[in-house]
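Just start.cif here, mmCIF, C-alpha atoms:
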data_input
loop_
_atom_site.group_PDB
_atom_site.id
_atom_site.type_symbol
_atom_site.label_atom_id
_atom_site.label_comp_id
_atom_site.auth_asym_id
_atom_site.auth_seq_id
_atom_site.Cartn_x
_atom_site.Cartn_y
_atom_site.Cartn_z
ATOM 1 C CA MET A 2 0.000 0.000 0.000
ATOM 2 C CA GLY A 3 1.314 3.496 0.676
ATOM 3 C CA TYR A 4 0.613 7.107 0.002
ATOM 4 C CA TYR A 5 0.217 8.109 -3.619
ATOM 5 C CA SER A 6 0.655 11.443 -5.352
ATOM 6 C CA GLU A 7 0.053 13.049 -8.712
ATOM 7 C CA VAL A 8 3.251 14.734 -9.922
ATOM 8 C CA ALA A 9 4.173 16.988 -12.835
ATOM 9 C CA LEU A 10 7.681 18.211 -13.573
ATOM 10 C CA CYS A 11 8.380 20.777 -16.285
ATOM 11 C CA LEU A 12 12.024 21.257 -17.214
ATOM 12 C CA SER A 13 13.501 23.931 -19.469
ATOM 13 C CA ASP A 14 16.211 22.931 -21.948
ATOM 14 C CA ASN A 15 18.774 23.632 -19.239
ATOM 15 C CA GLY A 16 16.800 21.488 -16.782
ATOM 16 C CA ARG A 17 16.487 18.673 -19.305
ATOM 17 C CA ALA A 18 20.235 18.771 -19.951
ATOM 18 C CA ARG A 19 20.951 18.602 -16.220
ATOM 19 C CA LEU A 20 18.559 15.645 -15.778
ATOM 20 C CA ASP A 21 20.186 13.870 -18.742
ATOM 21 C CA ALA A 22 23.635 14.415 -17.178
ATOM 22 C CA ALA A 23 22.384 13.110 -13.832
ATOM 23 C CA MET A 24 20.930 10.064 -15.588
ATOM 24 C CA HIS A 25 24.261 9.409 -17.303
ATOM 25 C CA GLU A 26 26.036 9.604 -13.956
ATOM 26 C CA ALA A 27 23.411 7.397 -12.293
ATOM 27 C CA ARG A 28 23.939 4.677 -14.894
ATOM 28 C CA GLN A 29 27.496 4.412 -13.599
ATOM 29 C CA HIS A 30 26.932 4.799 -9.853
ATOM 30 C CA ALA A 31 23.329 4.049 -8.860
ATOM 31 C CA THR A 32 22.411 0.838 -7.104
ATOM 32 C CA ASN A 33 19.673 0.163 -9.672
ATOM 33 C CA PRO A 34 20.074 2.578 -12.619
ATOM 34 C CA GLY A 35 17.420 0.637 -14.537
ATOM 35 C CA ASP A 36 14.865 1.575 -11.869
ATOM 36 C CA ILE A 37 15.554 5.265 -12.473
ATOM 37 C CA GLU A 38 15.168 4.929 -16.234
ATOM 38 C CA LEU A 39 12.023 2.813 -15.821
ATOM 39 C CA PHE A 40 10.560 5.427 -13.473
ATOM 40 C CA LEU A 41 11.030 8.156 -16.091
ATOM 41 C CA GLN A 42 9.659 5.905 -18.848
ATOM 42 C CA ASN A 43 6.575 4.993 -16.788
ATOM 43 C CA GLY A 44 5.541 8.610 -16.568
ATOM 44 C CA LEU A 45 3.944 10.508 -19.380
ATOM 45 C CA ARG A 46 6.610 12.471 -21.237
ATOM 46 C CA GLN A 47 5.774 15.368 -23.503
ATOM 47 C CA ASP A 48 8.426 17.325 -25.378
ATOM 48 C CA ALA A 49 7.736 20.968 -26.072
ATOM 49 C CA PRO A 50 7.695 22.238 -29.641
ATOM 50 C CA ASP A 51 11.015 23.668 -30.808
ATOM 51 C CA SER A 52 12.816 21.819 -27.977
ATOM 52 C CA GLU A 53 11.800 24.376 -25.375
ATOM 53 C CA GLY A 54 11.672 21.802 -22.600
ATOM 54 C CA VAL A 55 10.053 18.618 -21.391
ATOM 55 C CA LEU A 56 7.137 17.678 -19.150
ATOM 56 C CA TYR A 57 7.028 14.523 -17.042
ATOM 57 C CA TYR A 58 3.767 13.469 -15.412
ATOM 58 C CA TRP A 59 3.054 10.611 -13.025
ATOM 59 C CA GLU A 60 -0.346 9.659 -11.653
ATOM 60 C CA GLY A 61 -0.573 7.433 -8.590
ATOM 61 C CA VAL A 62 3.145 7.486 -7.803
ATOM 62 C CA LYS A 63 4.855 6.957 -4.463
ATOM 63 C CA TRP A 64 6.924 10.139 -4.202
ATOM 64 C CA TYR A 65 9.262 9.260 -1.332
ATOM 65 C CA ALA A 66 12.745 10.747 -0.964
ATOM 66 C CA ASP A 67 14.151 7.356 0.040
ATOM 67 C CA PHE A 68 13.560 6.065 -3.524
ATOM 68 C CA GLU A 69 16.681 6.571 -5.656
ATOM 69 C CA GLU A 70 14.718 7.781 -8.661
ATOM 70 C CA VAL A 71 12.854 10.436 -6.648
ATOM 71 C CA ARG A 72 16.063 11.513 -4.923
ATOM 72 C CA LEU A 73 17.807 11.907 -8.285
ATOM 73 C CA ILE A 74 15.026 14.190 -9.554
ATOM 74 C CA THR A 75 14.892 16.262 -6.365
ATOM 75 C CA ASP A 76 18.690 16.612 -6.381
ATOM 76 C CA VAL A 77 18.519 17.915 -9.956
ATOM 77 C CA MET A 78 15.811 20.404 -8.968
ATOM 78 C CA ASP A 79 17.981 21.580 -6.045
ATOM 79 C CA GLU A 80 20.803 22.386 -8.489
ATOM 80 C CA LEU A 81 18.652 24.263 -11.001
ATOM 81 C CA ASP A 82 17.760 27.918 -11.122
ATOM 82 C CA VAL A 83 14.097 28.310 -10.118
ATOM 83 C CA ASP A 84 13.287 29.562 -13.635
ATOM 84 C CA ASP A 85 14.412 26.242 -15.145
ATOM 85 C CA TYR A 86 11.720 24.038 -13.624
ATOM 86 C CA LEU A 87 8.222 23.807 -12.219
ATOM 87 C CA PHE A 88 7.333 20.938 -9.900
ATOM 88 C CA LEU A 89 3.716 20.269 -8.935
ATOM 89 C CA ARG A 90 2.610 17.524 -6.537
ATOM 90 C CA ILE A 91 -0.841 16.723 -5.176
ATOM 91 C CA GLY A 92 -1.073 14.139 -2.409
ATOM 92 C CA GLU A 93 -4.046 12.099 -1.262
ATOM 93 C CA ASP A 94 -4.835 14.449 1.621
ATOM 94 C CA VAL A 95 -6.892 17.493 0.660
ATOM 95 C CA ASP A 96 -4.320 19.898 2.131
ATOM 96 C CA ASP A 97 -1.272 18.153 0.666
ATOM 97 C CA ALA A 98 0.022 20.081 -2.329
ATOM 98 C CA GLU A 99 3.523 21.188 -3.212
ATOM 99 C CA ILE A 100 4.771 23.727 -5.748
ATOM 100 C CA LEU A 101 8.491 24.244 -6.366
ATOM 101 C CA GLY A 102 10.349 26.219 -8.997
ATOM 102 C CA GLY A 103 9.261 29.239 -10.938
ATOM 103 C CA TRP A 104 9.018 28.285 -14.609
ATOM 104 C CA TRP A 105 5.437 29.519 -14.850
ATOM 105 C CA ASP A 106 5.833 30.549 -18.483
ATOM 106 C CA ASN A 107 6.395 26.928 -19.541
ATOM 107 C CA PRO A 108 5.104 25.798 -22.957
ATOM 108 C CA PHE A 109 2.834 23.184 -21.329
ATOM 109 C CA ASP A 110 0.819 25.755 -19.366
ATOM 110 C CA ALA A 111 1.164 23.459 -16.345
ATOM 111 C CA ARG A 112 -0.698 24.703 -13.269
ATOM 112 C CA LEU A 113 -2.038 23.252 -10.054
ATOM 113 C CA PHE A 114 -5.740 23.762 -9.353
ATOM 114 C CA ARG A 115 -8.018 22.536 -6.596
ATOM 115 C CA THR A 116 -11.611 22.915 -7.770
ATOM 116 C CA ILE A 117 -15.147 22.058 -6.849
ATOM 117 C CA ASP A 118 -17.075 20.631 -9.767
ATOM 118 C CA PHE A 119 -20.733 19.711 -9.983
ATOM 119 C CA GLY A 120 -23.309 19.623 -12.645
#
Please express the file's structure as structure tokens.
Amino acid sequence: MGYYSEVALCLSDNGRARLDAAMHEARQHATNPGDIELFLQNGLRQDAPDSEGVLYYWEGVKWYADFEEVRLITDVMDELDVDDYLFLRIGEDVDDAEILGGWWDNPFDARLFRTIDFG
């Protein structure tokens, strides 16, 4: 079982390059580099037109810092300028939401909304 989240990560070209470099390094040093690659492949990936960046999206993911793949991504975010990424996470609890980074002008128009719908 566990606690699941919905996660979106938008990376600028600079952010994508840094993630690619971290992935290259992880292939050489990580305990299970295949797990990291599989984690990225299991998410939805959308490339921006004209190579302006990349969006990763995971639904129903365990976003725990003790997982190597999550730690790799959070370490990359820690190294980036805030304008090179936007990280959005919604947890199962109604008050559990996280927004990091400042790339609000991303080509994916990624945003976090909590809404009430009825009809």
Item to check | Minimum-distance residue to A:Glu38, chosen among A:Ala18, A:Leu73, A:Val55, A:Val95 (using all atoms listed in the file) | outcome: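 For A:Glu38, the nearest of the candidates is A:Leu73.
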Next on the checklist: Going by the chain IDs and residue numbers used in this file, which residues fall under the PyMOL selection byres ((chain A and resi 42-51) around 12)? Write them as a VMD selection string.
Outcome noted: chain A and resid 7 to 14 17 35 to 41 52 to 62 70 107 to 111
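Counting from atom CA of A:Asp82, the distance to atom CA of A:Leu101 is 11.0 Å.
Applied to the file shown here, the PyMOL selection byres ((chain A and resi 90) around 7) selects the residues Ser6, Glu7, Val8, Ala9, Phe88, Leu89, Ile91, Gly92, Ala98, Glu99 and Ile100 of chain A.
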Checklist outcome for this item: Of A:Val71, A:Leu87, A:Ala27, A:Leu81, the one nearest to A:Arg112 when counting all atoms listed in the file is A:Leu87
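Between atom CA of A:Gly102 and atom CA of A:Asp79 there is a distance of 9.4 Å.
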Which residues, written as a short mmCIF file (atom, residue, chain, number, x, y, z; two decimals) with C-alpha atoms, in the coordinates of the input, have at least one atom at most 6 Å from A:Trp104, with all atoms listed in the file counted and residues fewer than 6 positions away on the same chain left out?
data_model
loop_
_atom_site.label_atom_id
_atom_site.label_comp_id
_atom_site.auth_asym_id
_atom_site.auth_seq_id
_atom_site.Cartn_x
_atom_site.Cartn_y
_atom_site.Cartn_z
CA ASP A 84 13.29 29.56 -13.64
CA ASP A 85 14.41 26.24 -15.14
CA TYR A 86 11.72 24.04 -13.62
CA LEU A 87 8.22 23.81 -12.22
#
Item to check | Nearest-residue call for A:Asp97, choices A:Arg19, A:Glu69, A:Glu80, A:Arg115, using only C-alpha atoms | outcome: A:Arg115
Item to check | Two-atom distance - atom CA of A:Asp76, atom CA of A:Tyr4 (Å) | outcome: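 Computing it gives 21.4 Å between the two atoms.
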Work out where the centre of an axis-aligned box around every listed atom of stretch 18-23 of chain A lies and how long its edges are once 8 Å is added on each side; give both in Å to one decimal as lines of an AutoDock Vina configuration file.
center_x = 21.1
center_y = 15.9
center_z = -16.9
size_x = 21.1
size_y = 21.7
size_z = 22.1
Checklist entry - Which of these, A:Met78, A:Gly103, A:Lys63, A:Asp118, has the shortest distance to A:Leu20 once you count all atoms listed in the file? => result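 Among the listed residues, the smallest separation from A:Leu20 belongs to A:Met78.
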